[in-house]
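Asker: One structure, pasted below without further comment.
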Amino acid sequence: MAFEQAEERPAGQAPGEDAGAARRTETGAAGAAGVRADGARAADDSRPAGAPGAAPRPSTAPHPGTAPRSDCDVVIIGAGIVGLSTAYAITRAAPGTRVVVLEKEPGPARHQTGRNSGVIHSGIYYPPGSLKARFALEGSAEMVKFCAEHDIPHDVTGKLIVATDRAELPRLHSLIQRGREHGIPVRELGPAQIMEYEPEVRGLAAIHVGTTGVADFGAVADRLGRLATEAGARIEYGADVRTIGRRGGRVAVRTSTGRVVRARALVNCAGLHCDRVARLAGDAPGMRIVPFRGEYYSLSPARDSLVRGLVYPVPDPAFPFLGVHLTRGVHGEVHLGPNAVPALAREGYDWRTVRPAELAGTLAYPGAWQIARRHWRYGAGELHRSLSKRAFTDAVRRLLPAITADDLVPAPAGVRAQAVLPDGTLVDDFLITEGPHTIHVLNAPSPAATASLPIGREIAGRALAVLG
C-alpha cells in the first residue's frame with residue numbers, strides 16, 4: 001500500500017523522513033546488487049576470493065589516491081531485471097547517454113529476478129489505480145511481445161484461481177469484478193469446469209485468467225543487458241559498492257575493485273540492499289527491507305503430469321503473499337510454493353545462512369516486531385510448513401489431493417525484498433523515492449519482473465529529467 005501523507009508533511013514525503021530528505025514519486029522496481037551501509041562487508045564478501053559464487057576481486061587493491069575513475073551520466077546499482085531494463089530504456093530514449101551498471105555478483109539476475117516462479121502476472125490482484133495494476137497490465141502484454149521478438153522461452157498458459165473453502169468465495173467474486181474493471185478476460189468455473197482445465201485439481205469454484213503466462217526472466221534480464229551494452233552502456237560485474245558521495249552536482253561511487261564512478265545521476269536498483277544503498281548515499285528511505293524467504297518444491301518427473309499449467313489459491317488480503325501455488329515453468333518443470341518465512345540474512349536462501357549483523361538489524365527494527373505481533377498466527381503456519389514437509393504437502397493437497405510427500409523434491413528458494421514501515425505496515429505497491437541526484441527503488445516485489453519494461457521506462461524518464 002502507498003504511504004499516507006500527513007497534512008504537516010511536505011507533499012510526497014514518507015513517514016519518518018525529515019523535510020528535505022528523499023521524496024516519494026510514482027513508480028518502483030527491483031534489483032539484485034547489494035551493499036552494506038553500516039560499513040561491514042556485503043553478504044557475499046565473506047567468501048574468500050575464488051570460492052564458488054564469490055565476486056571476482058583484484059589481487060591487489062589500488063591505493064585510494066590512485067583509484068581509477070570513470071565519468072558517466074547515469075550510474076545504476078543492481079543488474080536485476082529492472083536495473084537492466086532501466087539501462088536499456090535510457091539508451092533507447094536518449095542515445096549517447098553514458099550509462100554504467102554496477103553489480104556485485106559475477107552475472108545478472110542472481111537474486112530476486114532469477115529465483116522467482118517465472119510467472120507473467122495478468123494484474124488481476126492489484127487495486128485499480130495502483131502502480132502494480134498500471135505496470136502489470138501494460139507490462140504483461142509487452143513482456144510476451146519482447147520474449148517472442150527475442151526468442152526467449154515463454155508461454156501464455158492462462159491460470160486458475162481456485163476457492164477450496166466457502167469463506168474464500170466472496171474474495172473470489174471480488175477478483176472477478178476486479179478483473180473485469182481491468183479489462184482482463186476472466187471466466188467463472190464450477191467444480192466440473194475446473195477439471196476441464198486441470199483434471200487433478202479440486203475446488204468449489206474458480207476463475208480462469210487467460211492472459212497469465214510464464215517466462216524465463218533470467219534470460220530476459222540477460223537480453224536486456226546485452227541490448228543496453230550494444231547501445232553503449234557498460235555493465236561491471238564483481239563491483240560491490242562501498243561508498244557513495246555527492247559534491248558539486250555529481251555522485252561518486254567507489255566499488256570493491258577500487259574504481260570510482262562519477263555520475264550526474266544515480267539509480268538505486270539494489271533490491272535486497274536498496275535501503276542500505278539509500279542510506280549510504282545520505283538519503284533517508286523511511287523504511288527497511290525485511291527479507292522473507294520463499295521455499296519451493298518441485299514435482300518429481302514421474303508425477304509432473306498432475307499439473308498442466310498454473311493453479312493459485314485465493315489470496316489472503318491481510319498479507320501480500322499469494323500462498324502456495326502450482327506452476328508449470330517454461331522448461332516443463334512443476335514448482336510448488338512458495339511459503340513465506342523470515343530469512344536470517346538478506347540473501348538467506350536456507351536456514352543455515354545466518355548473517356548476525358543483518359539479523360540484528362532486522363530484530364532491532366520496530367516494524368519487524370509489529371509484523372510479528374499482527375501476523376503471528378499466519379507466520380506460525382508458514383514456519384510449520386517450512387520445517388515440516390508433511391505440512392507443506394497438506395497445503396498443496398488442498399488444491400491437488402492426489403499429491404503425496406514422496407512426490408515433492410526440494411527446489412531452490414528465493415528471498416523477497418519486502419519494504420516495511422516503522423509501524424509494521426508492509427508496503428504493498430511499487431515505491432521509488434528521490435534525493436539530490438539520486439533515485440531509489442525501495443519496493444519492487446512481484447509483479448516487478450512482469451512489469452519490468454514499463455517500470456524501466458518510467459525510471460529512465462526520471463533519471464533523464466535529473467540530467468536536465
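By order of appearance in the C-alpha cells: chains A, B, ..., then residues from 1 within every chain, and ligands from 1 in the order shown.
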Give me the residues near A:Asp350 as a ChimeraX atom specification, where near means some atom within 10 Å (using only C-alpha atoms) and where sequence neighbours in that chain fewer than 2 positions away do not count.

Answerer: /A:293-295,343-345,347-348,352-354,412-415

Asker: Would you mind listing what lies within 12 Å of A:Arg373 as a list in words, with only C-alpha atoms counted and same-chain residues fewer than 5 positions away left out?

Answerer: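 Contacts, with the query itself left out: Pro366, Gly367, Ala368, Tyr378, Gly379, Ala380, Asp423, Gly424 and Thr425 of chain A.
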
Asker: Using N, CA and C atoms, can you export the residues from the last selection as a JSON list (two decimals), in the first residue's frame?

Answerer:
[["chain", "number", "residue", "atom", "x", "y", "z"],
["A", 366, "PRO", "N", 11.68, -1.61, 14.72],
["A", 366, "PRO", "CA", 10.35, -1.70, 15.31],
["A", 366, "PRO", "C", 9.32, -2.32, 14.37],
["A", 367, "GLY", "N", 9.44, -2.05, 13.08],
["A", 367, "GLY", "CA", 8.48, -2.59, 12.13],
["A", 367, "GLY", "C", 8.45, -4.10, 12.10],
["A", 368, "ALA", "N", 9.61, -4.74, 12.31],
["A", 368, "ALA", "CA", 9.66, -6.20, 12.29],
["A", 368, "ALA", "C", 8.87, -6.78, 13.45],
["A", 378, "TYR", "N", -0.46, -16.35, 11.20],
["A", 378, "TYR", "CA", -0.10, -16.64, 9.81],
["A", 378, "TYR", "C", 1.35, -17.10, 9.74],
["A", 379, "GLY", "N", 2.22, -16.38, 10.45],
["A", 379, "GLY", "CA", 3.64, -16.71, 10.43],
["A", 379, "GLY", "C", 3.93, -18.08, 11.01],
["A", 380, "ALA", "N", 3.19, -18.45, 12.05],
["A", 380, "ALA", "CA", 3.40, -19.77, 12.65],
["A", 380, "ALA", "C", 3.06, -20.88, 11.67],
["A", 423, "ASP", "N", 5.99, 1.38, 11.50],
["A", 423, "ASP", "CA", 4.82, 0.92, 12.24],
["A", 423, "ASP", "C", 4.41, -0.51, 11.88],
["A", 424, "GLY", "N", 5.22, -1.19, 11.07],
["A", 424, "GLY", "CA", 4.93, -2.57, 10.71],
["A", 424, "GLY", "C", 4.11, -2.73, 9.44],
["A", 425, "THR", "N", 3.73, -1.64, 8.79],
["A", 425, "THR", "CA", 2.98, -1.73, 7.54],
["A", 425, "THR", "C", 3.86, -2.31, 6.44]]

Asker: Restricting the calculation to only C-alpha atoms: of A:Val144, A:Gly309, A:Ala239, A:Ser446, which residue gets closest to A:Arg416?

Answerer: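 The answer is A:Ser446, which sits nearest to A:Arg416.
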
Asker: Find the distance between atom CA of A:Ala364 and atom CA of A:Arg254 and write it in Å to one decimal.

Answerer: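 Here the two named atoms are 28.5 Å from each other.
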
Asker: Neighbours of A:Thr450 within 12 Å (only C-alpha atoms; same-chain residues fewer than 5 positions away dropped), as a ChimeraX atom specification?

Answerer: /A:29-30,81-82,85,113,116-123,132-147,154,211-218,220-221,444-445,455-456

Asker: From the options A:Ala205, A:Leu169, A:Val334, A:Val75, which residue's atoms come nearest to A:Ser300, counting only C-alpha atoms?

Answerer: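 That would be A:Val334, the residue with the smallest distance to A:Ser300.
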
Asker: Rank nothing, just name the residue among A:Pro191, A:Gly461, A:Pro301, A:Pro127 nearest to A:Gln177, using only C-alpha atoms.

Answerer: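 Going through A:Pro191, A:Gly461, A:Pro301, A:Pro127 one by one, the smallest distance to A:Gln177 is for A:Pro127.
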
Asker: Could you pull out the residues in stretch 198-313 of chain A that DSSP calls strand (DSSP E or B) from the backbone, as a VMD selection string?

Answerer: chain A and resid 205 to 209 213 to 215 234 to 237 241 to 247 250 to 255 260 to 268 288 to 299 310 to 313

Asker: Can you tell me which residues surround A:Ala233 at a distance of at most 6 Å, considering only C-alpha atoms, apart from same-chain residues fewer than 3 positions away, and format the answer as JSON, numbers by chain?

Answerer: {"A": [99, 100, 228, 229]}

Asker: With N, CA and C atoms kept, could you save the residues just selected as a PDB file, in the first residue's frame?

Answerer:
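That gives us again-v3.pdb:
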ATOM      1  N   VAL A  99      25.908   5.372 -19.658  1.00  0.00           N
ATOM      2  CA  VAL A  99      25.306   4.592 -18.575  1.00  0.00           C
ATOM      3  C   VAL A  99      26.284   3.531 -18.097  1.00  0.00           C
ATOM      4  N   VAL A 100      26.451   3.430 -16.783  1.00  0.00           N
ATOM      5  CA  VAL A 100      27.252   2.371 -16.173  1.00  0.00           C
ATOM      6  C   VAL A 100      26.373   1.636 -15.164  1.00  0.00           C
ATOM      7  N   ALA A 228      21.391  -3.206 -23.940  1.00  0.00           N
ATOM      8  CA  ALA A 228      21.914  -1.954 -23.387  1.00  0.00           C
ATOM      9  C   ALA A 228      23.398  -1.800 -23.704  1.00  0.00           C
ATOM     10  N   THR A 229      24.141  -2.892 -23.604  1.00  0.00           N
ATOM     11  CA  THR A 229      25.578  -2.849 -23.895  1.00  0.00           C
ATOM     12  C   THR A 229      25.826  -2.524 -25.366  1.00  0.00           C
TER      13      THR A 229
END

Asker: Between A:Arg226, A:His111, A:His375, A:Arg242, which has the minimum distance to A:Thr257 (counting only C-alpha atoms)?

Answerer: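 Ranking A:Arg226, A:His111, A:His375, A:Arg242 by distance to A:Thr257, first place goes to A:Arg242.
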
Asker: Using only C-alpha atoms, find the one residue out of A:Pro170, A:Asp71, A:Pro447, A:Thr255 that sits nearest to A:Leu322.

Answerer: A:Pro447

Asker: Could you give me, as a ChimeraX atom specification, the residues within 9 Å of A:Glu103, counting only C-alpha atoms and dropping anything in the same chain fewer than 6 positions from it?

Answerer: /A:32-34,76-80,235-241,270

Asker: Run DSSP on the backbone and tell me which residues of stretch 241-462 of chain A come out as alpha helix (DSSP H); list them as an MDAnalysis selection string.

Answerer: chainID A and resid 274:280 356:363 366:374 376:387 389:397 452:462

Asker: Between atom CA of A:Asp222 and atom CA of A:Gly114, what is the spacing in Å?

Answerer: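 One can read the atom CA of A:Gly114 to atom CA of A:Asp222 distance as 10.4 Å.
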
Asker: Which residue out of A:Pro185, A:Pro313, A:Pro410, A:Gly337 has the minimum interatomic distance to A:Ala206 when only C-alpha atoms are used?

Answerer: A:Pro313
